[in-house]
$ cat model32.cif   # mmCIF, C-alpha atoms
data_my_file
loop_
_atom_site.label_atom_id
_atom_site.label_comp_id
_atom_site.auth_asym_id
_atom_site.auth_seq_id
_atom_site.Cartn_x
_atom_site.Cartn_y
_atom_site.Cartn_z
CA MET Z 21 88.36 135.92 98.22
CA ALA Z 22 91.84 134.72 98.92
CA ASN Z 23 94.47 136.72 97.12
CA THR Z 24 97.83 135.63 98.48
CA TYR Z 25 99.69 132.35 98.56
CA THR Z 26 102.66 132.00 100.90
CA LEU Z 27 104.79 128.88 100.86
CA ILE Z 28 104.98 127.72 104.48
CA ALA Z 29 106.97 124.53 103.96
CA SER Z 30 107.76 121.86 101.42
CA SER Z 31 109.26 118.43 101.33
CA THR Z 32 110.61 115.88 98.88
CA VAL Z 33 110.75 112.26 99.93
CA GLY Z 34 114.25 110.81 99.99
CA SER Z 35 115.67 107.54 98.71
CA GLY Z 36 114.38 105.44 101.60
CA GLY Z 37 110.74 106.42 101.08
CA ALA Z 38 108.55 107.75 103.89
CA SER Z 39 105.47 106.32 105.55
CA THR Z 40 104.14 109.78 106.40
CA ILE Z 41 104.81 113.42 105.62
CA ASP Z 42 104.11 115.52 108.72
CA PHE Z 43 103.78 119.29 108.69
CA THR Z 44 104.10 120.43 112.29
CA SER Z 45 103.92 123.79 114.11
CA ILE Z 46 101.75 125.32 111.39
CA PRO Z 47 101.33 129.01 112.24
CA ALA Z 48 97.77 130.24 112.85
CA THR Z 49 98.40 133.50 111.02
CA TYR Z 50 96.71 132.70 107.72
CA THR Z 51 93.06 132.44 106.71
CA ASP Z 52 93.18 129.16 104.77
CA LEU Z 53 95.66 126.41 103.99
CA VAL Z 54 96.42 124.60 100.74
CA VAL Z 55 98.34 121.34 100.47
CA LYS Z 56 99.66 120.33 97.08
CA ILE Z 57 101.01 116.82 96.95
CA SER Z 58 102.45 114.78 94.12
CA PRO Z 59 102.55 111.25 95.50
CA ARG Z 60 103.62 107.81 94.39
CA ASN Z 61 103.48 104.65 96.48
CA THR Z 62 106.24 102.10 96.90
CA ALA Z 63 103.60 99.34 96.96
CA SER Z 64 102.42 97.84 93.70
CA GLY Z 65 99.62 95.42 94.60
CA SER Z 66 96.77 97.81 93.75
CA ASN Z 67 96.00 99.97 90.74
CA TRP Z 68 96.03 103.03 93.02
CA TYR Z 69 96.17 103.81 96.73
CA LEU Z 70 94.26 106.14 99.00
CA LEU Z 71 95.78 109.29 100.41
CA LYS Z 72 95.13 109.63 104.10
CA ILE Z 73 94.97 113.06 105.73
CA GLN Z 74 95.05 113.55 109.47
CA PHE Z 75 95.05 116.70 111.58
CA ASN Z 76 96.84 117.40 114.88
CA SER Z 77 97.80 113.71 115.24
CA ASP Z 78 94.13 112.80 115.79
CA THR Z 79 93.96 109.13 114.78
CA THR Z 80 90.29 108.63 115.72
CA SER Z 81 88.59 107.75 112.45
CA ALA Z 82 85.17 108.61 113.90
CA ASN Z 83 86.22 112.27 113.97
CA TYR Z 84 86.61 112.31 110.20
CA SER Z 85 84.26 111.81 107.29
CA TYR Z 86 84.28 112.25 103.54
CA LYS Z 87 82.07 112.21 100.50
CA LEU Z 88 83.52 111.46 97.11
CA VAL Z 89 82.56 111.50 93.46
CA GLY Z 90 85.03 110.04 91.02
CA GLY Z 91 85.74 107.91 88.05
CA PHE Z 92 88.12 105.41 86.56
CA GLY Z 93 88.08 104.06 83.03
CA SER Z 94 84.46 104.46 81.92
CA THR Z 95 83.07 103.94 85.42
CA ALA Z 96 81.76 106.83 87.50
CA TYR Z 97 80.97 106.32 91.14
CA SER Z 98 80.23 108.05 94.42
CA THR Z 99 80.80 106.96 97.97
CA GLY Z 100 81.50 108.20 101.46
CA ALA Z 101 82.65 106.95 104.81
CA THR Z 102 83.71 107.85 108.31
CA ASP Z 103 87.45 107.83 107.87
CA ARG Z 104 90.53 109.91 107.20
CA TYR Z 105 90.86 109.79 103.42
CA GLY Z 106 91.15 112.68 101.01
CA GLY Z 107 92.70 111.65 97.72
CA TYR Z 108 94.60 109.09 95.67
CA VAL Z 109 98.20 108.00 95.32
CA THR Z 110 99.74 106.63 92.12
CA SER Z 111 100.64 102.97 92.49
CA GLY Z 112 104.20 101.74 92.36
CA ALA Z 113 102.97 99.34 89.69
CA ARG Z 114 102.60 102.15 87.18
CA THR Z 115 105.27 103.44 84.81
CA ALA Z 116 108.40 104.46 86.72
CA SER Z 117 108.76 108.10 87.72
CA THR Z 118 105.07 108.92 87.30
CA PHE Z 119 103.26 110.66 90.15
CA GLY Z 120 99.74 111.76 91.04
CA ASN Z 121 98.43 115.25 91.74
CA THR Z 122 96.26 116.34 94.62
CA GLU Z 123 95.27 119.74 95.95
CA ILE Z 124 93.62 119.98 99.34
CA TYR Z 125 91.98 123.27 100.35
CA ILE Z 126 91.33 123.85 104.05
CA PRO Z 127 89.41 127.05 104.82
CA ASN Z 128 89.34 128.70 108.25
CA TYR Z 129 91.80 126.19 109.65
CA ALA Z 130 92.51 128.25 112.75
CA GLY Z 131 88.89 128.85 113.72
CA SER Z 132 86.81 127.07 116.35
CA ASN Z 133 84.27 125.45 114.04
CA ASN Z 134 84.63 121.95 112.63
CA LYS Z 135 87.18 121.87 109.84
CA SER Z 136 86.04 121.11 106.32
CA PHE Z 137 88.28 120.57 103.34
CA SER Z 138 87.92 119.89 99.64
CA SER Z 139 90.33 117.91 97.56
CA ASP Z 140 90.72 117.23 93.86
CA SER Z 141 92.91 114.28 93.18
CA VAL Z 142 94.17 112.29 90.22
CA THR Z 143 96.67 109.52 89.71
CA GLU Z 144 98.83 109.46 86.63
CA GLY Z 145 100.82 106.40 85.77
CA ASN Z 146 100.73 106.14 81.99
CA GLY Z 147 98.20 103.33 82.17
CA SER Z 148 94.83 104.40 80.77
CA SER Z 149 92.89 101.59 82.41
CA TYR Z 150 94.38 102.12 85.81
CA GLU Z 151 94.07 105.82 86.50
CA ILE Z 152 91.51 107.37 88.79
CA LEU Z 153 90.29 110.81 89.71
CA GLY Z 154 88.07 112.09 92.48
CA LEU Z 155 86.59 115.17 94.03
CA TRP Z 156 86.47 114.81 97.79
CA ALA Z 157 84.62 116.74 100.48
CA GLY Z 158 86.05 116.04 103.92
CA LEU Z 159 85.34 117.02 107.48
CA TRP Z 160 87.36 116.87 110.67
CA SER Z 161 84.98 117.28 113.61
CA SER Z 162 87.10 119.32 115.98
CA SER Z 163 87.09 122.84 117.34
CA ALA Z 164 90.88 122.88 117.60
CA ALA Z 165 92.95 125.03 115.29
CA ILE Z 166 94.90 122.93 112.82
CA SER Z 167 98.57 123.06 113.75
CA GLY Z 168 99.66 119.78 112.19
CA ILE Z 169 98.86 117.86 109.02
CA THR Z 170 99.92 114.28 108.43
CA LEU Z 171 99.76 112.76 104.97
CA SER Z 172 100.07 109.02 104.45
CA ASN Z 173 98.97 106.07 102.29
CA ASP Z 174 96.49 103.35 103.08
CA SER Z 175 99.36 100.94 102.44
CA ASP Z 176 103.16 101.13 102.43
CA ASN Z 177 105.24 104.26 101.83
CA PHE Z 178 105.53 107.37 99.71
CA ALA Z 179 108.15 106.72 97.06
CA GLN Z 180 111.27 108.77 96.50
CA TYR Z 181 110.65 112.14 94.81
CA SER Z 182 107.06 112.37 96.03
CA THR Z 183 106.58 116.02 96.97
CA ALA Z 184 104.32 117.98 99.31
CA TYR Z 185 103.90 121.74 99.58
CA LEU Z 186 101.98 123.62 102.24
CA TYR Z 187 100.74 127.12 101.48
CA GLY Z 188 99.06 129.68 103.68
CA ILE Z 189 96.46 131.96 102.17
CA SER Z 190 95.44 135.32 103.54
CA ASN Z 191 92.20 136.91 102.48
CA SER Z 192 93.45 140.44 102.92
CA MET K 72 112.02 100.17 109.81
CA PRO K 73 109.37 102.58 108.38
CA THR K 74 110.18 106.25 108.78
CA LYS K 75 108.22 109.47 108.77
CA LEU K 76 109.22 112.80 107.36
CA ILE K 77 108.61 115.70 109.76
CA ILE K 78 108.71 119.28 108.53
CA ASN K 79 108.63 121.92 111.26
CA CYS K 80 106.82 124.89 109.71
CA GLU K 81 108.27 127.35 112.21
CA THR K 82 111.91 126.46 111.75
CA GLY K 83 111.84 124.85 108.30
CA GLU K 84 113.78 121.95 109.78
CA GLN K 85 113.12 118.59 108.12
CA THR K 86 113.85 115.36 109.98
CA GLU K 87 113.34 111.71 109.19
CA VAL K 88 112.55 109.55 112.20
CA GLU K 89 111.63 105.91 112.64
CA LEU K 90 108.03 105.09 113.53
CA THR K 91 107.39 104.07 117.11
CA ALA K 92 105.95 100.65 117.88
CA GLU K 93 102.62 102.35 118.64
CA GLU K 94 102.61 104.13 115.30
CA ILE K 95 103.41 100.92 113.45
CA ALA K 96 100.60 99.12 115.29
CA GLN K 97 98.19 101.96 114.46
CA ARG K 98 99.23 101.82 110.83
CA GLU K 99 98.65 98.09 110.65
CA ALA K 100 95.28 98.43 112.39
CA ASP K 101 94.25 101.15 109.93
CA ALA K 102 95.23 98.99 106.96
CA LYS K 103 93.25 96.05 108.32
CA ALA K 104 90.20 98.23 109.00
CA TYR K 105 90.36 99.63 105.48
CA GLU K 106 90.64 96.16 103.95
CA ALA K 107 87.66 94.92 105.98
CA ASP K 108 85.59 97.94 104.95
CA LYS K 109 86.56 97.52 101.31
CA LYS K 110 85.64 93.83 101.35
CA ALA K 111 82.25 94.63 102.88
CA LYS K 112 81.54 97.28 100.24
CA ASP K 113 82.69 94.99 97.42
CA ALA K 114 80.41 92.23 98.72
CA GLU K 115 77.48 94.66 98.87
CA LEU K 116 78.10 95.80 95.29
CA ALA K 117 78.37 92.19 94.11
CA ALA K 118 75.09 91.33 95.85
CA GLN K 119 73.35 94.32 94.23
CA ALA K 120 74.69 93.33 90.80
CA LYS K 121 73.44 89.76 91.29
CA VAL K 122 69.94 90.94 92.22
CA LYS K 123 69.87 93.15 89.14
CA ALA K 124 71.11 90.33 86.88
CA ASP K 125 68.51 87.93 88.32
CA VAL K 126 65.68 90.39 87.67
CA LEU K 127 66.81 90.94 84.09
CA LYS K 128 67.08 87.20 83.57
CA ARG K 129 63.52 86.64 84.82
CA LEU K 130 62.31 89.40 82.50
CA GLY K 131 64.23 87.95 79.60
CA LEU K 132 65.98 91.24 78.92
CA THR K 133 69.58 92.22 78.39
CA GLU K 134 70.94 95.19 80.33
CA ASP K 135 71.00 97.29 77.16
CA GLU K 136 67.35 96.44 76.45
CA ALA K 137 66.37 97.40 80.00
CA LYS K 138 68.22 100.71 79.60
CA ALA K 139 66.42 101.36 76.33
CA LEU K 140 63.04 100.74 77.99
CA LEU K 141 63.84 103.14 80.82
CA SER K 142 65.31 105.91 78.70
#

$ encode --input "model32.cif" --output "structure tokens"
Amino acid sequence: MANTYTLIASSTVGSGGASTIDFTSIPATYTDLVVKISPRNTASGSNWYLLKIQFNSDTTSANYSYKLVGGFGSTAYSTGATDRYGGYVTSGARTASTFGNTEIYIPNYAGSNNKSFSSDSVTEGNGSSYEILGLWAGLWSSSAAISGITLSNDSDNFAQYSTAYLYGISNS
Amino acid sequence: MPTKLIINCETGEQTEVELTAEEIAQREADAKAYEADKKAKDAELAAQAKVKADVLKRLGLTEDEAKALLS
């Protein structure tokens, strides 16, 4: 069982927004990784947006898959796909200065097996009909150690004051 | 021009750089692929809902009545 959290790096998006948040040169010295992100999108055309997660700059969607159970309003749903998604992003249409919350857990990120991750994600925008939550199970089919993580939206940019923290966890 | 935020975990250095033309093209392609996939799924859900509604109509039942029968 993991018993230590070490902050590896963190970032706050500046006034111009950012299309991606890239953690690079991640050391292979931990057992697991945790990403905590509090995102908001600059776009406002949808009630929420999808958080995209990509490892080692691998843009091949076929190497990724996810399963998801979630809910919004009174509707529960489940789905899955071959793609690089792993959470939600609060829409720019929601109340100003509100952000979502997502935690992504990546065990054994430096090993040679395929890389799985779990993610719990919610949006929060002070609009009861427009918020969503989901529990995601994701897979990156690669034997490479994870040395880079790229976070992005399915549309537009992360808004100013969106934050992302990367932690390393050691199991001893 | 869209930018990306790069955080080097070894040095702690944070830089903001403009996306390359390739990265912008990839981003646009991803967005289009997602939209196409979403439209296909929405159409499938709409088709399933129509089939269900048609069956209920032929049976002369409301959705609540069908739920009560199956519970």

$ interface_residues --input "model32.cif" --of "chain K" --to "chain Z" --cutoff "7 Å" --atoms "all atoms listed in the file" --output "number ranges by chain"
K: 73-81, 83, 102

$ residues_around --input "model32.cif" --residues "segment 133-135 of chain K" --least-positions-apart "6" --cutoff "10 Å" --atoms "only C-alpha atoms" --output "list in words"
Lys123, Ala124, Leu127 and Leu141 of chain K

$ residues_around --input "model32.cif" --residues "Lys135 of chain Z" --least-positions-apart "3" --cutoff "10 Å" --atoms "only C-alpha atoms" --output "PyMOL selection string"
chain Z and resi 75+84+126-132+158-166

$ write_last_selection --input "model32.cif" --atoms "C-alpha atoms" --output "mmCIF file, in the frame of the given file"
data_model
loop_
_atom_site.group_PDB
_atom_site.id
_atom_site.type_symbol
_atom_site.label_atom_id
_atom_site.label_comp_id
_atom_site.auth_asym_id
_atom_site.auth_seq_id
_atom_site.Cartn_x
_atom_site.Cartn_y
_atom_site.Cartn_z
ATOM 1 C CA PHE Z 75 95.050 116.700 111.580
ATOM 2 C CA TYR Z 84 86.610 112.310 110.200
ATOM 3 C CA ILE Z 126 91.330 123.850 104.050
ATOM 4 C CA PRO Z 127 89.410 127.050 104.820
ATOM 5 C CA ASN Z 128 89.340 128.700 108.250
ATOM 6 C CA TYR Z 129 91.800 126.190 109.650
ATOM 7 C CA ALA Z 130 92.510 128.250 112.750
ATOM 8 C CA GLY Z 131 88.890 128.850 113.720
ATOM 9 C CA SER Z 132 86.810 127.070 116.350
ATOM 10 C CA GLY Z 158 86.050 116.040 103.920
ATOM 11 C CA LEU Z 159 85.340 117.020 107.480
ATOM 12 C CA TRP Z 160 87.360 116.870 110.670
ATOM 13 C CA SER Z 161 84.980 117.280 113.610
ATOM 14 C CA SER Z 162 87.100 119.320 115.980
ATOM 15 C CA SER Z 163 87.090 122.840 117.340
ATOM 16 C CA ALA Z 164 90.880 122.880 117.600
ATOM 17 C CA ALA Z 165 92.950 125.030 115.290
ATOM 18 C CA ILE Z 166 94.900 122.930 112.820
#

$ closest_residue --input "model32.cif" --among "Z:Asn83, Z:Lys72, Z:Phe119, Z:Asn61" --to "Arg98 of chain K" --atoms "all atoms listed in the file"
Z:Lys72

$ atom_distance --input "model32.cif" --atom1 "atom CA of Leu90 of chain K" --atom2 "atom CA of Tyr181 of chain Z"
20.2 Å

$ atom_distance --input "model32.cif" --atom1 "atom CA of Leu155 of chain Z" --atom2 "atom CA of Ser192 of chain Z"
27.7 Å

$ atom_distance --input "model32.cif" --atom1 "atom CA of Thr115 of chain Z" --atom2 "atom CA of Gly65 of chain Z"
13.9 Å

$ resolve_selection --input "model32.cif" --expression "the PyMOL selection byres ((chain Z and resi 112) around 8)" --output "number ranges by chain"
Z: 60-64, 110-111, 113-116, 179

$ write_last_selection --input "model32.cif" --atoms "C-alpha atoms" --output "CSV table (one decimal), keeping the file's coordinate frame"
chain,number,residue,atom,x,y,z
Z,60,ARG,CA,103.6,107.8,94.4
Z,61,ASN,CA,103.5,104.6,96.5
Z,62,THR,CA,106.2,102.1,96.9
Z,63,ALA,CA,103.6,99.3,97.0
Z,64,SER,CA,102.4,97.8,93.7
Z,110,THR,CA,99.7,106.6,92.1
Z,111,SER,CA,100.6,103.0,92.5
Z,113,ALA,CA,103.0,99.3,89.7
Z,114,ARG,CA,102.6,102.2,87.2
Z,115,THR,CA,105.3,103.4,84.8
Z,116,ALA,CA,108.4,104.5,86.7
Z,179,ALA,CA,108.2,106.7,97.1
